[in-house]
Structure formats: C-alpha cells, structure tokens
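Input: a single structure, listed below in structure tokens.
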Amino acid sequence: MSETYDFLFKFLVIGSAGTGKSCLLHQFIENKFKQDSNHTIGVEFGSRVVNVAGKTVKLQIWDTAGQERFRSVTRSYYRGAAGALLVYDITSRETYNALTNWLTDARTLASPNIVIILCGNKKDLDADREVTFLEASRFAQENELIFLETSALTGENVEEGFLKCARIILNKIESGELDPERMGSEADGDGASPTAPGVFWCVVPLSADSHTLDHLDK
Ligand SMILES: Nc1nc2c(ncn2[C@@H]2O[C@H](COP(=O)(O)OP(=O)(O)OP(=O)(O)O)[C@@H](O)[C@H]2O)c(=O)[nH]1
Ligand SMILES: [Mg+2]
C-alpha cells in the first residue's frame, strides 16, 4: 500500500541496555508487546505514518543498541535526527544515572535543537521502582526535556511519547523556529526505503509504506 506524507522526521530511540527501547518501538509500530526481546545488535529500523495536527508525518525511527560495545556504531546514526526518545528503566537507578551521558551524545551528535522525550519505562513494575516520578520530572525540567512514564508492556503512554515529539517538532517548523529547508532536508530514492544516517526530513509529499519494521542486523 502506498501513502503520501507532508513531512519525514528522523527519530532515535536511545538509552541504556535493557530499558525497553526495542519493546517501545515494537509497541508503537505493531501495537503489541514484543515477547522475548533480545539485546539489539547495532541498530534496528521502524517506520510509521501518523497524523499530527492535520499533517501526515512519516516517522523514521532508529532503535539503537544500548550496550557499550555498539556505541561507536550507534553514534554514527545520530546525525540530523529531529527527535529522540531517551529511555531509562524506573526499576534501575543505574539506567537513570546514565541519562546525562546519553543526553550529551544526542545534543552533540544529532543536533542541539533535537526534541527529546524522556521516557521512564516499565511503569507497570511500580513495586520495584528505584526512581521516583518527582525526581525524574525535576531532571527533565532542568534539562529541558518532556517527561513521560511509559510501559511497553501495557502500551501506556507509548503512542503519546512518539506523537508528542512529532507535534513539538511540527510546532517548531510552523513557528519558524526550525526551518526544514535550511536544515539539510534530503531524502534518498523514493523515500520508501530506510534512508542513510544524516537524513533530517523532507517537506515534499513522497510515496511511502507505513507500518514497516525491518531488522537491519539480519
Ligand atoms: N515489565 C516490563 N518489562 C519490559 C518493558 N519493556 C521492556 N521490558 C523487558 O525488558 C527487557 C529488555 O527489553 P528491550 O526492549 O529488549 O530493551 P532494549 O532497551 O532494547 O535493550 P538493548 O537493545 O540491549 O539496548 C525485556 O526482557 C523486555 O521484556 C515494560 O514496559 N515493562
Ligand atoms: Mg533493543
């Protein structure tokens, strides 16, 4: 099935290993919980066309491996991303403590203007919580991030996270704060295939398939 869209946004999903990044992407694309999720090797790719404030937006989403040994590979995918979900696990303080490093990477390697949604994932495991909502809200406020607690298991706030990010980017384009023409908009081929790192977005309607989830590591 072919679809057209008004904008193409490159998104990243970043954060420590095991926080649920791949499960969040799977929940967003497939609308179900990914059972038996294994560590991501390098990067995986997913895309979905959504409607945001009357505009059709294709989200091109790069799900990165959190394990340190893949860091140099995953960093090469950051360039030009318009938005990111920065994920930690509410039951693991270690993943929360790593947020500052992830944030620095995103802002230096992707773009200083990147719109970042902080996701405290595994909200369903409240009994095992190691990081309070209040503490993370303060961190988000201090670092100019939007904050949500999510559950890839139940689906709570997953759609909201991705859509909120897209909505903010769109608002910034419409208010003139971001100019897609001047920020290296480009697309390869017909826009239907995964594009190389570096693509920011494009403003011309293109033909595209929605709801695809391709694994690049296979
Ligand atoms: N209870 C619960 N478990 C989750 C949730 N999200 C992910 N998990 C579990 O957490 C583990 C890791 O999930 P992944 O999505 O593979 O984690 P990841 O962040 O992609 O890990 P890397 O690819 O290594 O960076 C899996 O066992 C999932 O079943 C959630 O919202 N709730
Ligand atoms: Mg993963």
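Order determines the names: the first chain of the structure tokens is A, the second B, and so forth; residues in each chain are numbered 1 upward, and ligands are numbered 1 upward as they are shown.
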
Pull the alpha helix (DSSP H) assignments for region 79-111 of chain A out of DSSP run on the backbone, and list those residues as a PDB file with N, CA and C atoms, in the first residue's frame.
```
ATOM      1  N   ARG A  93      18.166   2.292  38.864  1.00  0.00           N
ATOM      2  CA  ARG A  93      18.805   3.592  39.054  1.00  0.00           C
ATOM      3  C   ARG A  93      20.027   3.741  38.162  1.00  0.00           C
ATOM      4  N   GLU A  94      20.694   2.642  37.899  1.00  0.00           N
ATOM      5  CA  GLU A  94      21.871   2.695  37.037  1.00  0.00           C
ATOM      6  C   GLU A  94      21.520   3.285  35.653  1.00  0.00           C
ATOM      7  N   THR A  95      20.382   2.889  35.116  1.00  0.00           N
ATOM      8  CA  THR A  95      19.999   3.399  33.785  1.00  0.00           C
ATOM      9  C   THR A  95      19.602   4.876  33.858  1.00  0.00           C
ATOM     10  N   TYR A  96      19.081   5.272  35.014  1.00  0.00           N
ATOM     11  CA  TYR A  96      18.732   6.679  35.233  1.00  0.00           C
ATOM     12  C   TYR A  96      20.011   7.523  35.351  1.00  0.00           C
ATOM     13  N   ASN A  97      20.990   6.995  36.070  1.00  0.00           N
ATOM     14  CA  ASN A  97      22.246   7.725  36.262  1.00  0.00           C
ATOM     15  C   ASN A  97      23.005   7.944  34.952  1.00  0.00           C
ATOM     16  N   LEU A  99      21.689   8.866  32.185  1.00  0.00           N
ATOM     17  CA  LEU A  99      20.953   9.758  31.274  1.00  0.00           C
ATOM     18  C   LEU A  99      21.776  10.941  30.789  1.00  0.00           C
ATOM     19  N   THR A 100      22.584  11.519  31.679  1.00  0.00           N
ATOM     20  CA  THR A 100      23.346  12.713  31.303  1.00  0.00           C
ATOM     21  C   THR A 100      24.275  12.416  30.119  1.00  0.00           C
ATOM     22  N   ASN A 101      24.895  11.246  30.142  1.00  0.00           N
ATOM     23  CA  ASN A 101      25.784  10.882  29.028  1.00  0.00           C
ATOM     24  C   ASN A 101      25.021  10.742  27.716  1.00  0.00           C
ATOM     25  N   TRP A 102      23.865  10.093  27.798  1.00  0.00           N
ATOM     26  CA  TRP A 102      23.046   9.916  26.584  1.00  0.00           C
ATOM     27  C   TRP A 102      22.596  11.272  26.032  1.00  0.00           C
ATOM     28  N   LEU A 103      22.252  12.145  26.945  1.00  0.00           N
ATOM     29  CA  LEU A 103      21.767  13.474  26.566  1.00  0.00           C
ATOM     30  C   LEU A 103      22.864  14.262  25.852  1.00  0.00           C
ATOM     31  N   THR A 104      24.065  14.195  26.401  1.00  0.00           N
ATOM     32  CA  THR A 104      25.195  14.905  25.791  1.00  0.00           C
ATOM     33  C   THR A 104      25.434  14.371  24.376  1.00  0.00           C
ATOM     34  N   ASP A 105      25.420  13.064  24.242  1.00  0.00           N
ATOM     35  CA  ASP A 105      25.604  12.455  22.915  1.00  0.00           C
ATOM     36  C   ASP A 105      24.550  12.959  21.934  1.00  0.00           C
TER      37      ASP A 105
END
```

Counting only C-alpha atoms and all ligand atoms, which residues of chain A fall within 12 Å of ligand 2, and what is the closest atom pair for each with its distance in Å at one decimal, ordered by chain and rising number, as a Markdown table?
```
| residue | atom | partner | partner_atom_place_in_ligand_line | distance |
| --- | --- | --- | --- | --- |
| A:Leu12 | CA | ligand 2 | 1 (Mg) | 11.9 |
| A:Val13 | CA | ligand 2 | 1 (Mg) | 9.0 |
| A:Ile14 | CA | ligand 2 | 1 (Mg) | 9.1 |
| A:Gly15 | CA | ligand 2 | 1 (Mg) | 9.5 |
| A:Ser16 | CA | ligand 2 | 1 (Mg) | 9.3 |
| A:Ala17 | CA | ligand 2 | 1 (Mg) | 7.0 |
| A:Gly18 | CA | ligand 2 | 1 (Mg) | 7.0 |
| A:Thr19 | CA | ligand 2 | 1 (Mg) | 8.2 |
| A:Gly20 | CA | ligand 2 | 1 (Mg) | 6.6 |
| A:Lys21 | CA | ligand 2 | 1 (Mg) | 5.3 |
| A:Ser22 | CA | ligand 2 | 1 (Mg) | 4.1 |
| A:Cys23 | CA | ligand 2 | 1 (Mg) | 7.2 |
| A:Leu24 | CA | ligand 2 | 1 (Mg) | 9.1 |
| A:Leu25 | CA | ligand 2 | 1 (Mg) | 9.0 |
| A:His26 | CA | ligand 2 | 1 (Mg) | 9.9 |
| A:Lys34 | CA | ligand 2 | 1 (Mg) | 10.6 |
| A:Asp36 | CA | ligand 2 | 1 (Mg) | 11.2 |
| A:Ser37 | CA | ligand 2 | 1 (Mg) | 7.4 |
| A:Asn38 | CA | ligand 2 | 1 (Mg) | 6.8 |
| A:His39 | CA | ligand 2 | 1 (Mg) | 5.0 |
| A:Thr40 | CA | ligand 2 | 1 (Mg) | 4.0 |
| A:Ile41 | CA | ligand 2 | 1 (Mg) | 7.6 |
| A:Gly42 | CA | ligand 2 | 1 (Mg) | 8.9 |
| A:Val43 | CA | ligand 2 | 1 (Mg) | 8.0 |
| A:Glu44 | CA | ligand 2 | 1 (Mg) | 7.9 |
| A:Phe45 | CA | ligand 2 | 1 (Mg) | 10.7 |
| A:Trp62 | CA | ligand 2 | 1 (Mg) | 10.3 |
| A:Asp63 | CA | ligand 2 | 1 (Mg) | 6.6 |
| A:Thr64 | CA | ligand 2 | 1 (Mg) | 6.4 |
| A:Ala65 | CA | ligand 2 | 1 (Mg) | 5.3 |
| A:Gly66 | CA | ligand 2 | 1 (Mg) | 6.9 |
| A:Gln67 | CA | ligand 2 | 1 (Mg) | 9.0 |
| A:Phe70 | CA | ligand 2 | 1 (Mg) | 11.4 |
| A:Thr74 | CA | ligand 2 | 1 (Mg) | 11.6 |
| A:Val87 | CA | ligand 2 | 1 (Mg) | 10.9 |
| A:His215 | CA | ligand 2 | 1 (Mg) | 11.1 |
| A:Asp217 | CA | ligand 2 | 1 (Mg) | 11.5 |
```

Could the residues in this selection be saved with C-alpha atoms as a PDB file, in the first residue's frame?
```pdb
ATOM      1  CA  LEU A  12      16.189   7.962  17.562  1.00  0.00           C
ATOM      2  CA  VAL A  13      15.459   5.678  20.491  1.00  0.00           C
ATOM      3  CA  ILE A  14      18.430   5.811  22.869  1.00  0.00           C
ATOM      4  CA  GLY A  15      19.259   4.791  26.434  1.00  0.00           C
ATOM      5  CA  SER A  16      20.972   2.022  28.389  1.00  0.00           C
ATOM      6  CA  ALA A  17      20.679  -1.670  27.528  1.00  0.00           C
ATOM      7  CA  GLY A  18      17.578  -3.468  28.747  1.00  0.00           C
ATOM      8  CA  THR A  19      15.473  -0.344  29.362  1.00  0.00           C
ATOM      9  CA  GLY A  20      12.868  -1.440  26.802  1.00  0.00           C
ATOM     10  CA  LYS A  21      13.734   0.627  23.717  1.00  0.00           C
ATOM     11  CA  SER A  22      13.019  -2.159  21.231  1.00  0.00           C
ATOM     12  CA  CYS A  23       9.810  -3.070  23.054  1.00  0.00           C
ATOM     13  CA  LEU A  24       8.663   0.572  22.936  1.00  0.00           C
ATOM     14  CA  LEU A  25       9.283   0.735  19.193  1.00  0.00           C
ATOM     15  CA  HIS A  26       7.529  -2.588  18.657  1.00  0.00           C
ATOM     16  CA  LYS A  34       7.400  -7.837  21.977  1.00  0.00           C
ATOM     17  CA  ASP A  36      11.401 -12.472  24.347  1.00  0.00           C
ATOM     18  CA  SER A  37      13.172  -9.310  23.239  1.00  0.00           C
ATOM     19  CA  ASN A  38      16.920  -9.820  22.834  1.00  0.00           C
ATOM     20  CA  HIS A  39      19.636  -7.173  23.025  1.00  0.00           C
ATOM     21  CA  THR A  40      19.713  -5.146  19.822  1.00  0.00           C
ATOM     22  CA  ILE A  41      22.803  -5.659  17.698  1.00  0.00           C
ATOM     23  CA  GLY A  42      23.775  -2.267  16.265  1.00  0.00           C
ATOM     24  CA  VAL A  43      20.536  -0.652  15.124  1.00  0.00           C
ATOM     25  CA  GLU A  44      17.070  -1.675  14.023  1.00  0.00           C
ATOM     26  CA  PHE A  45      14.708   0.397  11.960  1.00  0.00           C
ATOM     27  CA  TRP A  62      16.215   4.173  14.551  1.00  0.00           C
ATOM     28  CA  ASP A  63      16.249   1.869  17.575  1.00  0.00           C
ATOM     29  CA  THR A  64      19.827   1.767  18.838  1.00  0.00           C
ATOM     30  CA  ALA A  65      21.657  -0.833  20.916  1.00  0.00           C
ATOM     31  CA  GLY A  66      22.273   0.281  24.489  1.00  0.00           C
ATOM     32  CA  GLN A  67      25.249  -1.980  25.091  1.00  0.00           C
ATOM     33  CA  PHE A  70      27.949  -0.965  19.981  1.00  0.00           C
ATOM     34  CA  THR A  74      25.060   3.581  17.068  1.00  0.00           C
ATOM     35  CA  VAL A  87      14.703   5.792  27.750  1.00  0.00           C
ATOM     36  CA  HIS A 215      15.643  -5.559  11.112  1.00  0.00           C
ATOM     37  CA  ASP A 217      21.018  -6.703  11.727  1.00  0.00           C
TER      38      ASP A 217
END
```

Just the residues within 12 Å of region 106-114 of chain A, please, counting only C-alpha atoms, with nothing from its chain fewer than 3 positions along; format it as a PyMOL selection string.
-> chain A and resi 9-15+72+74-86+99-103+117+143-146+165-166+168-169+172-173+177-179+183-184+197-200

Save out the residues we just selected, N, CA and C atoms, as a CSV table (one decimal), in the first residue's frame.
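Saved file part-v2.csv follows:
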```csv
chain,number,residue,atom,x,y,z
A,9,PHE,N,10.3,12.7,9.5
A,9,PHE,CA,11.1,13.1,10.7
A,9,PHE,C,12.0,11.9,11.0
A,10,LYS,N,13.2,12.1,11.2
A,10,LYS,CA,14.1,11.1,11.7
A,10,LYS,C,14.1,11.1,13.2
A,11,PHE,N,13.8,9.9,13.8
A,11,PHE,CA,13.8,9.8,15.3
A,11,PHE,C,14.8,8.8,15.7
A,12,LEU,N,15.3,8.9,16.9
A,12,LEU,CA,16.2,8.0,17.6
A,12,LEU,C,15.5,7.4,18.8
A,13,VAL,N,15.8,6.2,19.2
A,13,VAL,CA,15.5,5.7,20.5
A,13,VAL,C,16.8,5.3,21.2
A,14,ILE,N,17.1,6.0,22.2
A,14,ILE,CA,18.4,5.8,22.9
A,14,ILE,C,18.3,5.6,24.4
A,15,GLY,N,19.3,5.1,25.0
A,15,GLY,CA,19.3,4.8,26.4
A,15,GLY,C,20.0,3.5,26.7
A,72,SER,N,30.1,2.9,19.2
A,72,SER,CA,30.6,3.7,18.0
A,72,SER,C,29.7,3.5,16.8
A,74,THR,N,26.3,2.9,16.9
A,74,THR,CA,25.1,3.6,17.1
A,74,THR,C,25.2,5.1,17.0
A,75,ARG,N,26.4,5.6,17.4
A,75,ARG,CA,26.6,7.0,17.3
A,75,ARG,C,26.6,7.5,15.9
A,76,SER,N,27.0,6.7,15.0
A,76,SER,CA,27.0,7.1,13.6
A,76,SER,C,25.6,7.3,13.0
A,77,TYR,N,24.6,6.9,13.7
A,77,TYR,CA,23.2,7.1,13.2
A,77,TYR,C,22.5,8.3,13.8
A,78,TYR,N,23.2,9.1,14.7
A,78,TYR,CA,22.6,10.2,15.3
A,78,TYR,C,22.4,11.4,14.4
A,79,ARG,N,23.3,11.6,13.5
A,79,ARG,CA,23.3,12.9,12.8
A,79,ARG,C,22.0,13.3,12.1
A,80,GLY,N,21.6,14.5,12.4
A,80,GLY,CA,20.4,15.0,11.8
A,80,GLY,C,19.1,14.6,12.3
A,81,ALA,N,19.1,13.8,13.4
A,81,ALA,CA,17.8,13.4,14.0
A,81,ALA,C,17.0,14.6,14.5
A,82,ALA,N,15.7,14.6,14.2
A,82,ALA,CA,14.9,15.7,14.6
A,82,ALA,C,14.3,15.5,16.0
A,83,GLY,N,14.2,14.2,16.4
A,83,GLY,CA,13.6,13.9,17.7
A,83,GLY,C,14.2,12.6,18.3
A,84,ALA,N,14.1,12.4,19.6
A,84,ALA,CA,14.6,11.2,20.2
A,84,ALA,C,13.7,10.9,21.4
A,85,LEU,N,13.6,9.6,21.6
A,85,LEU,CA,13.1,9.1,22.9
A,85,LEU,C,14.3,8.6,23.7
A,86,LEU,N,14.5,9.2,24.9
A,86,LEU,CA,15.6,8.9,25.7
A,86,LEU,C,15.0,8.0,26.8
A,99,LEU,N,21.7,8.9,32.2
A,99,LEU,CA,21.0,9.8,31.3
A,99,LEU,C,21.8,10.9,30.8
A,100,THR,N,22.6,11.5,31.7
A,100,THR,CA,23.3,12.7,31.3
A,100,THR,C,24.3,12.4,30.1
A,101,ASN,N,24.9,11.2,30.1
A,101,ASN,CA,25.8,10.9,29.0
A,101,ASN,C,25.0,10.7,27.7
A,102,TRP,N,23.9,10.1,27.8
A,102,TRP,CA,23.0,9.9,26.6
A,102,TRP,C,22.6,11.3,26.0
A,103,LEU,N,22.3,12.1,26.9
A,103,LEU,CA,21.8,13.5,26.6
A,103,LEU,C,22.9,14.3,25.9
A,117,ILE,N,12.2,13.4,24.3
A,117,ILE,CA,11.2,13.0,25.2
A,117,ILE,C,11.9,12.0,26.2
A,143,ASN,N,16.8,19.9,32.4
A,143,ASN,CA,17.4,19.6,31.1
A,143,ASN,C,16.6,19.9,29.9
A,144,GLU,N,15.5,20.6,30.1
A,144,GLU,CA,14.5,21.0,29.0
A,144,GLU,C,14.1,19.8,28.2
A,145,LEU,N,13.6,18.8,28.9
A,145,LEU,CA,13.0,17.6,28.3
A,145,LEU,C,11.6,17.4,28.6
A,146,ILE,N,10.8,16.8,27.7
A,146,ILE,CA,9.4,16.5,28.1
A,146,ILE,C,9.5,15.1,28.8
A,165,CYS,N,6.4,14.1,20.6
A,165,CYS,CA,7.7,14.5,20.0
A,165,CYS,C,7.5,15.1,18.6
A,166,ALA,N,6.7,14.4,17.8
A,166,ALA,CA,6.4,14.8,16.4
A,166,ALA,C,5.6,16.2,16.5
A,168,ILE,N,5.7,18.5,18.7
A,168,ILE,CA,6.6,19.7,19.1
A,168,ILE,C,7.5,20.1,17.9
A,169,ILE,N,8.0,19.1,17.2
A,169,ILE,CA,8.8,19.4,16.0
A,169,ILE,C,8.0,20.2,15.0
A,172,LYS,N,7.5,23.7,16.0
A,172,LYS,CA,8.7,24.5,15.8
A,172,LYS,C,8.9,24.8,14.3
A,173,ILE,N,8.5,24.0,13.4
A,173,ILE,CA,8.6,24.3,12.0
A,173,ILE,C,7.6,25.4,11.6
A,177,GLU,N,10.8,28.4,14.1
A,177,GLU,CA,11.9,28.1,15.0
A,177,GLU,C,12.9,27.1,14.3
A,178,LEU,N,12.3,26.2,13.6
A,178,LEU,CA,13.0,25.2,12.8
A,178,LEU,C,12.7,25.4,11.3
A,179,ASP,N,13.7,25.4,10.5
A,179,ASP,CA,13.4,25.6,9.1
A,179,ASP,C,13.9,24.4,8.3
A,183,MET,N,17.8,23.1,7.0
A,183,MET,CA,18.4,22.2,7.9
A,183,MET,C,18.8,20.9,7.2
A,184,GLY,N,19.1,21.0,5.9
A,184,GLY,CA,19.7,19.8,5.2
A,184,GLY,C,18.6,18.8,4.9
A,197,PRO,N,22.0,7.4,7.5
A,197,PRO,CA,22.2,8.4,8.6
A,197,PRO,C,22.4,9.8,8.0
A,198,GLY,N,21.8,10.8,8.5
A,198,GLY,CA,22.1,12.1,8.0
A,198,GLY,C,20.8,12.7,7.5
A,199,VAL,N,19.8,11.9,7.1
A,199,VAL,CA,18.6,12.5,6.6
A,199,VAL,C,17.9,13.2,7.7
A,200,PHE,N,17.4,14.4,7.5
A,200,PHE,CA,16.7,15.1,8.6
A,200,PHE,C,15.2,14.9,8.3
```

Residues within 8 Å of region 132-135 of chain A, only C-alpha atoms, excluding chain neighbours under 3 positions, as a PDB file with N, CA and C atoms, in the first residue's frame:
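Done, and the output landed in around19.pdb:
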```
ATOM      1  N   ILE A  90      12.512   2.578  35.176  1.00  0.00           N
ATOM      2  CA  ILE A  90      12.200   3.114  36.514  1.00  0.00           C
ATOM      3  C   ILE A  90      12.627   2.158  37.633  1.00  0.00           C
ATOM      4  N   ARG A 129      10.147  -0.088  41.792  1.00  0.00           N
ATOM      5  CA  ARG A 129      10.643   1.221  41.369  1.00  0.00           C
ATOM      6  C   ARG A 129      11.872   1.658  42.181  1.00  0.00           C
ATOM      7  N   ARG A 138      12.028  16.481  37.812  1.00  0.00           N
ATOM      8  CA  ARG A 138      12.957  17.590  38.069  1.00  0.00           C
ATOM      9  C   ARG A 138      14.128  17.545  37.096  1.00  0.00           C
ATOM     10  N   PHE A 139      14.639  16.337  36.888  1.00  0.00           N
ATOM     11  CA  PHE A 139      15.752  16.168  35.948  1.00  0.00           C
ATOM     12  C   PHE A 139      15.322  16.663  34.558  1.00  0.00           C
ATOM     13  N   GLU A 149       6.194   8.738  31.927  1.00  0.00           N
ATOM     14  CA  GLU A 149       6.468   7.355  32.307  1.00  0.00           C
ATOM     15  C   GLU A 149       5.651   6.469  31.369  1.00  0.00           C
TER      16      GLU A 149
END
```

For Thr56 (chain A), which of A:Phe147, A:Phe162, A:Phe7, A:Tyr88 is the closest residue, counting only C-alpha atoms?
-> A:Phe7

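Closest approach to ligand 1 among A:Gln27, A:Gln141, A:Asn171, A:Ser47 is made by A:Gln27 (distances from only C-alpha atoms and all ligand atoms).
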
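Between CA of Gly120 (chain A) and CA of Ser175 (chain A) the interatomic distance comes to 29.2 Å.
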
Using DSSP on the backbone coordinates, identify the residues of chain A assigned to strand (DSSP E); present them as number ranges by chain.
-> A: 3-5, 7-15, 43-52, 55-64, 83-89, 115-121, 146-149, 206-208, 212-214

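All residues of protein, DNA or RNA that reach within 10 Å of Val50 (chain A), judged by only C-alpha atoms and not counting those fewer than 3 positions away in the chain, are Tyr5, Ser47, Ala53, Gly54, Lys55, Thr56, Val57, Lys58, Leu59, Phe162, Leu163, Ala166, Ser210 and His211 of chain A.
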
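Relative to CA of Glu142 (chain A), CA of Cys119 (chain A) is found at 15.3 Å.
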
Using only C-alpha atoms, pick whichever of A:Leu148, A:Asp6, A:Arg48, A:Thr91 has the shortest atom-to-atom distance to Ala127 (chain A).
-> A:Thr91

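Atom 29 (O, counted along the ligand's line) of ligand 1 is positioned 25.3 Å from CA of Ala140 (chain A).
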